[in-house]
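Trainee: My structure is stored as final-v1.cif, with mmCIF, C-alpha atoms.
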```cif
data_structure
#
loop_
_atom_site.label_atom_id
_atom_site.label_comp_id
_atom_site.auth_asym_id
_atom_site.auth_seq_id
_atom_site.Cartn_x
_atom_site.Cartn_y
_atom_site.Cartn_z
CA MET A 1485 -64.18 -7.57 -30.21
CA LEU A 1486 -63.19 -5.44 -27.27
CA PRO A 1487 -65.11 -2.20 -26.61
CA ARG A 1488 -63.31 0.93 -27.65
CA PRO A 1489 -63.24 3.87 -25.21
CA ASP A 1490 -64.70 7.12 -26.53
CA SER A 1491 -62.38 9.63 -28.17
CA GLN A 1492 -62.38 12.06 -25.23
CA THR A 1493 -61.29 9.30 -22.84
CA ILE A 1494 -58.53 8.24 -25.24
CA ALA A 1495 -57.30 11.84 -25.55
CA THR A 1496 -57.28 12.28 -21.76
CA ILE A 1497 -55.34 9.06 -21.19
CA LYS A 1498 -52.81 9.91 -23.91
CA HIS A 1499 -52.34 13.40 -22.44
CA ALA A 1500 -51.84 12.03 -18.92
CA ALA A 1501 -49.29 9.49 -20.20
CA HIS A 1502 -47.45 12.24 -22.05
CA LEU A 1503 -47.03 14.22 -18.81
CA LEU A 1504 -45.26 11.32 -17.10
CA SER A 1505 -41.88 9.77 -17.84
CA GLY A 1506 -39.90 6.61 -17.19
CA ALA A 1507 -41.29 3.99 -14.82
CA LYS A 1508 -44.27 6.19 -13.85
CA ARG A 1509 -45.35 6.44 -17.48
CA ARG A 1510 -45.01 2.68 -17.98
CA ALA A 1511 -47.01 1.99 -14.80
CA PHE A 1512 -49.77 4.35 -15.94
CA LYS A 1513 -49.88 2.77 -19.40
CA ALA A 1514 -49.99 -0.74 -17.92
CA GLN A 1515 -52.92 0.24 -15.68
CA ALA A 1516 -54.71 1.86 -18.64
CA VAL A 1517 -54.25 -1.34 -20.68
CA LEU A 1518 -55.67 -3.44 -17.85
CA ASP A 1519 -58.60 -1.05 -17.22
CA HIS A 1520 -59.63 -0.15 -20.77
CA CYS A 1521 -58.29 -2.97 -22.95
CA GLN A 1522 -58.58 -6.00 -20.62
CA GLY A 1523 -54.80 -6.53 -20.86
CA ASN A 1524 -54.84 -6.95 -24.65
CA LEU A 1525 -51.64 -5.30 -25.91
CA ASN A 1526 -52.63 -5.35 -29.58
CA HIS A 1527 -55.90 -3.61 -28.79
CA ALA A 1528 -54.04 -1.03 -26.66
CA LYS A 1529 -51.61 -0.45 -29.52
CA THR A 1530 -54.54 0.18 -31.88
CA VAL A 1531 -56.51 2.38 -29.48
CA PHE A 1532 -53.73 4.45 -27.88
CA GLY A 1533 -50.88 4.06 -30.40
CA TRP A 1534 -48.43 2.84 -27.74
CA GLY A 1535 -45.60 0.38 -28.44
CA LYS A 1536 -46.03 -3.23 -27.34
CA GLU A 1537 -42.53 -3.43 -25.84
CA THR A 1538 -43.22 -0.52 -23.50
CA LEU A 1539 -46.54 -2.01 -22.46
CA GLN A 1540 -44.97 -5.43 -21.84
CA ARG A 1541 -42.26 -3.86 -19.71
CA GLY A 1542 -44.87 -1.87 -17.75
CA LEU A 1543 -46.92 -5.01 -17.09
CA ARG A 1544 -43.79 -6.91 -15.96
CA GLU A 1545 -42.92 -4.04 -13.61
CA LYS A 1546 -46.47 -4.13 -12.24
CA GLU A 1547 -46.23 -7.91 -11.61
CA ASN A 1548 -42.80 -7.62 -9.93
CA GLY A 1549 -43.82 -4.63 -7.84
CA HIS A 1550 -40.71 -2.62 -8.66
CA PRO A 1551 -39.47 -0.81 -11.78
CA ILE A 1552 -36.93 -2.38 -14.09
CA PRO A 1553 -33.93 -0.02 -14.20
CA ASP A 1554 -33.33 1.77 -17.48
CA ARG A 1555 -30.16 0.86 -19.33
CA PRO A 1556 -28.03 4.00 -19.35
CA GLY A 1557 -25.52 4.85 -22.03
CA ARG A 1558 -27.32 3.34 -24.97
CA GLY A 1559 -26.72 4.66 -28.45
CA ARG A 1560 -23.77 6.34 -30.02
CA LYS A 1561 -21.79 8.77 -27.91
CA SER A 1562 -21.75 12.39 -29.03
CA SER A 1563 -18.82 13.46 -31.16
CA SER A 1564 -17.68 15.93 -28.48
CA LYS A 1565 -17.30 13.06 -25.99
CA ARG A 1566 -15.65 10.69 -28.48
CA LEU A 1567 -13.37 13.34 -29.99
CA PRO A 1568 -12.60 16.05 -27.41
CA GLN A 1569 -10.14 17.86 -29.74
CA LEU A 1570 -12.57 17.99 -32.68
CA GLN A 1571 -13.86 21.54 -32.10
CA ASP A 1572 -10.35 22.95 -31.73
CA ASP A 1573 -9.28 21.24 -34.95
CA ILE A 1574 -12.37 22.54 -36.76
CA ARG A 1575 -11.62 26.09 -35.60
CA SER A 1576 -8.02 25.83 -36.82
CA LEU A 1577 -9.27 24.79 -40.27
CA VAL A 1578 -12.25 27.12 -40.62
CA ASP A 1579 -10.98 30.35 -39.03
CA PRO A 1580 -8.55 31.24 -41.86
CA ASN A 1581 -11.51 31.09 -44.28
CA THR A 1582 -13.83 33.14 -42.08
CA CYS A 1583 -15.00 36.74 -41.96
CA THR A 1584 -17.46 38.59 -39.75
CA HIS A 1585 -20.52 40.46 -40.88
CA PRO A 1586 -19.40 43.78 -42.40
CA THR A 1587 -21.72 45.89 -40.22
CA PHE A 1588 -21.23 43.73 -37.10
CA ASP A 1589 -25.01 43.33 -36.85
CA ASN A 1590 -24.69 39.80 -35.48
CA THR A 1591 -22.13 37.52 -33.89
CA PHE A 1592 -22.01 34.99 -36.72
CA ARG A 1593 -18.82 34.30 -38.56
CA TYR A 1594 -19.24 33.56 -42.23
CA THR A 1595 -17.15 30.90 -43.88
CA ARG A 1596 -16.74 29.60 -47.38
CA MET A 1597 -16.08 26.03 -46.19
CA THR A 1598 -18.98 23.60 -46.41
CA ALA A 1599 -19.47 20.80 -43.91
CA LYS A 1600 -18.25 18.33 -46.53
CA ALA A 1601 -15.08 20.39 -47.09
CA VAL A 1602 -14.46 20.54 -43.32
CA LEU A 1603 -14.77 16.74 -43.06
CA GLU A 1604 -12.37 16.25 -45.97
CA ALA A 1605 -9.89 18.71 -44.44
CA LEU A 1606 -10.04 16.93 -41.08
CA VAL A 1607 -9.14 13.64 -42.77
CA ARG A 1608 -6.50 15.16 -45.03
CA GLU A 1609 -4.81 17.67 -42.72
CA LYS A 1610 -5.51 16.50 -39.19
CA GLY A 1611 -5.30 12.74 -39.77
CA TYR A 1612 -8.78 11.76 -38.56
CA ASP A 1613 -10.27 8.46 -39.67
CA LYS A 1614 -13.37 9.02 -41.82
CA GLU A 1615 -15.41 6.39 -39.91
CA VAL A 1616 -14.79 8.14 -36.58
CA LEU A 1617 -15.97 11.57 -37.75
CA PRO A 1618 -19.65 12.59 -37.57
CA ALA A 1619 -21.89 12.59 -40.63
CA GLU A 1620 -22.10 15.62 -42.91
CA SER A 1621 -25.47 16.71 -41.48
CA THR A 1622 -24.10 16.46 -37.93
CA MET A 1623 -21.04 18.47 -38.96
CA ARG A 1624 -23.37 21.13 -40.39
CA GLU A 1625 -25.18 21.35 -37.03
CA LEU A 1626 -21.89 21.46 -35.14
CA LEU A 1627 -20.61 24.32 -37.31
CA GLY A 1628 -23.86 26.16 -36.62
CA LYS A 1629 -23.50 25.66 -32.87
CA MET A 1630 -19.94 26.94 -33.07
CA GLY A 1631 -21.23 30.17 -34.66
CA TYR A 1632 -20.23 29.61 -38.28
CA ARG A 1633 -22.56 30.26 -41.19
CA LEU A 1634 -21.98 29.26 -44.78
CA ARG A 1635 -22.03 32.25 -47.09
CA ARG A 1636 -20.32 33.12 -50.31
CA VAL A 1637 -17.78 35.88 -50.10
CA GLN A 1638 -19.42 39.06 -51.26
CA LYS A 1639 -17.75 40.50 -54.31
CA THR A 1640 -17.25 44.19 -54.64
CA LYS A 1641 -20.29 45.86 -56.07
CA PRO A 1642 -19.70 47.80 -59.28
CA GLN A 1643 -20.38 51.49 -59.09
CA LYS A 1644 -23.53 52.75 -60.63
CA LYS A 1645 -23.19 54.32 -64.00
CA PHE A 1646 -23.45 58.05 -63.69
CA PRO A 1647 -24.39 60.21 -66.67
CA ARG A 1648 -21.49 62.11 -68.16
CA ARG A 1649 -21.26 65.74 -67.38
CA THR A 1650 -22.00 67.93 -70.30
CA ARG A 1651 -21.53 71.64 -70.71
CA SER A 1652 -25.24 72.21 -70.44
CA SER A 1653 -25.83 70.17 -67.24
CA PRO A 1654 -26.27 72.29 -64.10
CA THR A 1655 -24.24 69.97 -61.84
#
```
Give the structure from the file, written as structure tokens.

Mentor:
Amino acid sequence: MLPRPDSQTIATIKHAAHLLSGAKRRAFKAQAVLDHCQGNLNHAKTVFGWGKETLQRGLREKENGHPIPDRPGRGRKSSSKRLPQLQDDIRSLVDPNTCTHPTFDNTFRYTRMTAKAVLEALVREKGYDKEVLPAESTMRELLGKMGYRLRRVQKTKPQKKFPRRTRSSPT
């Protein structure tokens, strides 16, 4: 069994690793694994909570003497990059169902359309393919970034009931 560093040392190493990024972070983690865990990745994963793949890459970079370049452009592209007209189409659908705050206290525009209704309208009226559009939760975030808030339309408030005037009442 490998010796475990004390908790203060572990906290300091984790904090230092958190302050770095990219190849510098991997190099630091690789050196910490070699110094405190004798190169045992499983022990380092248990002690520090770091992923084995990152540690393996850091050790390979240390052996080669130069960092392995990161692979840019991974993951799904944002909807604004994939669909540049999306925000304009959303505005054309949501604006007719929108009102501002009655007292103009804030800049939000209130709409009755939910994110799900906006997605359905984009498919039905604008001809978008459902698989290309973002998820409902992403659409909710996008509507929020565009300044729309979901709120029911406020109905007119009934007047308070006033007592009837009688001959004996002073007013």

Trainee: Show which residues sit within 9 Å of segment 1536-1548 of chain A, as JSON, numbers by chain. Count only C-alpha atoms, and ignore same-chain residues fewer than 4 positions away.

Mentor: {"A": [1507, 1508, 1509, 1510, 1511, 1512, 1513, 1514, 1515, 1517, 1518, 1523, 1525, 1526, 1528, 1529, 1552]}

Trainee: Tell me which protein, DNA and RNA residues are within 9 Å of segment 1609-1616 of chain A, counting all atoms listed in the file, leaving out same-chain ones fewer than 4 positions away, and put them as a PyMOL selection string.

Mentor: chain A and resi 1563+1566-1567+1573+1577+1603-1605

Trainee: Take atom CA of Met1623 of chain A and atom CA of Pro1580 of chain A and report the distance between them in Å, one decimal.

Mentor: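 Calculated distance between atom CA of Met1623 of chain A and atom CA of Pro1580 of chain A is 18.1 Å.
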
Trainee: Just the residues within 10 Å of Glu1620 of chain A, please, counting only C-alpha atoms, with nothing from its chain fewer than 5 positions along; format it as a PDB file with C-alpha atoms, in the frame of the given file.

Mentor:
```pdb
ATOM      1  CA  THR A1598     -18.980  23.600 -46.410  1.00  0.00           C
ATOM      2  CA  ALA A1599     -19.470  20.800 -43.910  1.00  0.00           C
ATOM      3  CA  LYS A1600     -18.250  18.330 -46.530  1.00  0.00           C
ATOM      4  CA  ALA A1601     -15.080  20.390 -47.090  1.00  0.00           C
ATOM      5  CA  VAL A1602     -14.460  20.540 -43.320  1.00  0.00           C
ATOM      6  CA  LEU A1603     -14.770  16.740 -43.060  1.00  0.00           C
ATOM      7  CA  GLU A1625     -25.180  21.350 -37.030  1.00  0.00           C
ATOM      8  CA  LEU A1626     -21.890  21.460 -35.140  1.00  0.00           C
TER       9      LEU A1626
END
```

Trainee: How far is it from atom CA of Arg1593 of chain A to atom CA of Lys1565 of chain A, in Å with one decimal?

Mentor: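 Going from atom CA of Arg1593 of chain A over to atom CA of Lys1565 of chain A, I get 24.7 Å.
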
Trainee: Would you give the centre and edge lengths, in Å to one decimal, of a box along x, y and z around the listed atoms of segment 1488-1491 of chain A, with 4 Å added to each side, as lines of an AutoDock Vina configuration file?

Mentor:
```
center_x = -63.5
center_y = 5.3
center_z = -26.7
size_x = 10.3
size_y = 16.7
size_z = 11.0
```

Trainee: Out of A:Lys1629, A:Arg1651, A:Lys1561, A:His1499, which residue has the shortest atom-to-atom distance to Leu1617 of chain A when counting all atoms listed in the file?

Mentor: A:Lys1561

Trainee: Would you mind putting back N, CA and C atoms on segment 1551-1581 of chain A, then writing it out as a PDB file, keeping the file's coordinate frame?

Mentor:
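Result saved to part_0.pdb:
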```pdb
ATOM      1  N   PRO A1551     -39.838  -1.140 -10.393  1.00  0.00           N
ATOM      2  CA  PRO A1551     -39.470  -0.810 -11.780  1.00  0.00           C
ATOM      3  C   PRO A1551     -38.185  -1.501 -12.226  1.00  0.00           C
ATOM      4  N   ILE A1552     -38.138  -1.827 -13.489  1.00  0.00           N
ATOM      5  CA  ILE A1552     -36.930  -2.380 -14.090  1.00  0.00           C
ATOM      6  C   ILE A1552     -36.036  -1.187 -14.420  1.00  0.00           C
ATOM      7  N   PRO A1553     -34.783  -1.191 -13.953  1.00  0.00           N
ATOM      8  CA  PRO A1553     -33.930  -0.020 -14.200  1.00  0.00           C
ATOM      9  C   PRO A1553     -33.662   0.173 -15.692  1.00  0.00           C
ATOM     10  N   ASP A1554     -33.643   1.448 -16.095  1.00  0.00           N
ATOM     11  CA  ASP A1554     -33.330   1.770 -17.480  1.00  0.00           C
ATOM     12  C   ASP A1554     -31.853   1.485 -17.733  1.00  0.00           C
ATOM     13  N   ARG A1555     -31.553   1.143 -18.970  1.00  0.00           N
ATOM     14  CA  ARG A1555     -30.160   0.860 -19.330  1.00  0.00           C
ATOM     15  C   ARG A1555     -29.514   2.158 -19.799  1.00  0.00           C
ATOM     16  N   PRO A1556     -28.649   2.733 -18.969  1.00  0.00           N
ATOM     17  CA  PRO A1556     -28.030   4.000 -19.350  1.00  0.00           C
ATOM     18  C   PRO A1556     -26.940   3.792 -20.405  1.00  0.00           C
ATOM     19  N   GLY A1557     -26.640   4.873 -21.105  1.00  0.00           N
ATOM     20  CA  GLY A1557     -25.520   4.850 -22.030  1.00  0.00           C
ATOM     21  C   GLY A1557     -25.781   4.114 -23.321  1.00  0.00           C
ATOM     22  N   ARG A1558     -27.029   4.009 -23.707  1.00  0.00           N
ATOM     23  CA  ARG A1558     -27.320   3.340 -24.970  1.00  0.00           C
ATOM     24  C   ARG A1558     -27.148   4.326 -26.110  1.00  0.00           C
ATOM     25  N   GLY A1559     -26.869   3.815 -27.277  1.00  0.00           N
ATOM     26  CA  GLY A1559     -26.720   4.660 -28.450  1.00  0.00           C
ATOM     27  C   GLY A1559     -25.298   5.137 -28.633  1.00  0.00           C
ATOM     28  N   ARG A1560     -25.086   5.846 -29.700  1.00  0.00           N
ATOM     29  CA  ARG A1560     -23.770   6.340 -30.020  1.00  0.00           C
ATOM     30  C   ARG A1560     -23.445   7.565 -29.185  1.00  0.00           C
ATOM     31  N   LYS A1561     -22.231   7.628 -28.699  1.00  0.00           N
ATOM     32  CA  LYS A1561     -21.790   8.770 -27.910  1.00  0.00           C
ATOM     33  C   LYS A1561     -21.668   9.993 -28.809  1.00  0.00           C
ATOM     34  N   SER A1562     -21.848  11.164 -28.235  1.00  0.00           N
ATOM     35  CA  SER A1562     -21.750  12.390 -29.030  1.00  0.00           C
ATOM     36  C   SER A1562     -20.302  12.579 -29.483  1.00  0.00           C
ATOM     37  N   SER A1563     -20.156  13.275 -30.594  1.00  0.00           N
ATOM     38  CA  SER A1563     -18.820  13.460 -31.160  1.00  0.00           C
ATOM     39  C   SER A1563     -17.925  14.262 -30.213  1.00  0.00           C
ATOM     40  N   SER A1564     -18.500  15.155 -29.414  1.00  0.00           N
ATOM     41  CA  SER A1564     -17.680  15.930 -28.480  1.00  0.00           C
ATOM     42  C   SER A1564     -17.115  15.058 -27.364  1.00  0.00           C
ATOM     43  N   LYS A1565     -17.816  13.978 -27.010  1.00  0.00           N
ATOM     44  CA  LYS A1565     -17.300  13.060 -25.990  1.00  0.00           C
ATOM     45  C   LYS A1565     -16.282  12.093 -26.601  1.00  0.00           C
ATOM     46  N   ARG A1566     -16.556  11.637 -27.828  1.00  0.00           N
ATOM     47  CA  ARG A1566     -15.650  10.690 -28.480  1.00  0.00           C
ATOM     48  C   ARG A1566     -14.371  11.380 -28.937  1.00  0.00           C
ATOM     49  N   LEU A1567     -14.502  12.605 -29.418  1.00  0.00           N
ATOM     50  CA  LEU A1567     -13.370  13.340 -29.990  1.00  0.00           C
ATOM     51  C   LEU A1567     -13.255  14.707 -29.316  1.00  0.00           C
ATOM     52  N   PRO A1568     -12.618  14.777 -28.148  1.00  0.00           N
ATOM     53  CA  PRO A1568     -12.600  16.050 -27.410  1.00  0.00           C
ATOM     54  C   PRO A1568     -11.848  17.168 -28.132  1.00  0.00           C
ATOM     55  N   GLN A1569     -10.910  16.851 -29.023  1.00  0.00           N
ATOM     56  CA  GLN A1569     -10.140  17.860 -29.740  1.00  0.00           C
ATOM     57  C   GLN A1569     -10.807  18.323 -31.032  1.00  0.00           C
ATOM     58  N   LEU A1570     -11.950  17.739 -31.380  1.00  0.00           N
ATOM     59  CA  LEU A1570     -12.570  17.990 -32.680  1.00  0.00           C
ATOM     60  C   LEU A1570     -12.884  19.475 -32.895  1.00  0.00           C
ATOM     61  N   GLN A1571     -13.487  20.131 -31.920  1.00  0.00           N
ATOM     62  CA  GLN A1571     -13.860  21.540 -32.100  1.00  0.00           C
ATOM     63  C   GLN A1571     -12.648  22.434 -32.290  1.00  0.00           C
ATOM     64  N   ASP A1572     -11.572  22.152 -31.557  1.00  0.00           N
ATOM     65  CA  ASP A1572     -10.350  22.950 -31.730  1.00  0.00           C
ATOM     66  C   ASP A1572      -9.775  22.760 -33.131  1.00  0.00           C
ATOM     67  N   ASP A1573      -9.793  21.512 -33.604  1.00  0.00           N
ATOM     68  CA  ASP A1573      -9.280  21.240 -34.950  1.00  0.00           C
ATOM     69  C   ASP A1573     -10.151  21.890 -36.019  1.00  0.00           C
ATOM     70  N   ILE A1574     -11.461  21.891 -35.798  1.00  0.00           N
ATOM     71  CA  ILE A1574     -12.370  22.540 -36.760  1.00  0.00           C
ATOM     72  C   ILE A1574     -12.084  24.040 -36.811  1.00  0.00           C
ATOM     73  N   ARG A1575     -11.917  24.657 -35.640  1.00  0.00           N
ATOM     74  CA  ARG A1575     -11.620  26.090 -35.600  1.00  0.00           C
ATOM     75  C   ARG A1575     -10.325  26.410 -36.339  1.00  0.00           C
ATOM     76  N   SER A1576      -9.298  25.556 -36.158  1.00  0.00           N
ATOM     77  CA  SER A1576      -8.020  25.830 -36.820  1.00  0.00           C
ATOM     78  C   SER A1576      -8.131  25.728 -38.331  1.00  0.00           C
ATOM     79  N   LEU A1577      -9.072  24.924 -38.819  1.00  0.00           N
ATOM     80  CA  LEU A1577      -9.270  24.790 -40.270  1.00  0.00           C
ATOM     81  C   LEU A1577     -10.190  25.869 -40.835  1.00  0.00           C
ATOM     82  N   VAL A1578     -11.223  26.221 -40.089  1.00  0.00           N
ATOM     83  CA  VAL A1578     -12.250  27.120 -40.620  1.00  0.00           C
ATOM     84  C   VAL A1578     -11.920  28.590 -40.414  1.00  0.00           C
ATOM     85  N   ASP A1579     -11.249  28.934 -39.323  1.00  0.00           N
ATOM     86  CA  ASP A1579     -10.980  30.350 -39.030  1.00  0.00           C
ATOM     87  C   ASP A1579     -10.213  31.087 -40.121  1.00  0.00           C
ATOM     88  N   PRO A1580      -9.216  30.488 -40.784  1.00  0.00           N
ATOM     89  CA  PRO A1580      -8.550  31.240 -41.860  1.00  0.00           C
ATOM     90  C   PRO A1580      -9.480  31.582 -43.036  1.00  0.00           C
ATOM     91  N   ASN A1581     -10.561  30.846 -43.190  1.00  0.00           N
ATOM     92  CA  ASN A1581     -11.510  31.090 -44.280  1.00  0.00           C
ATOM     93  C   ASN A1581     -12.773  31.784 -43.783  1.00  0.00           C
TER      94      ASN A1581
END
```
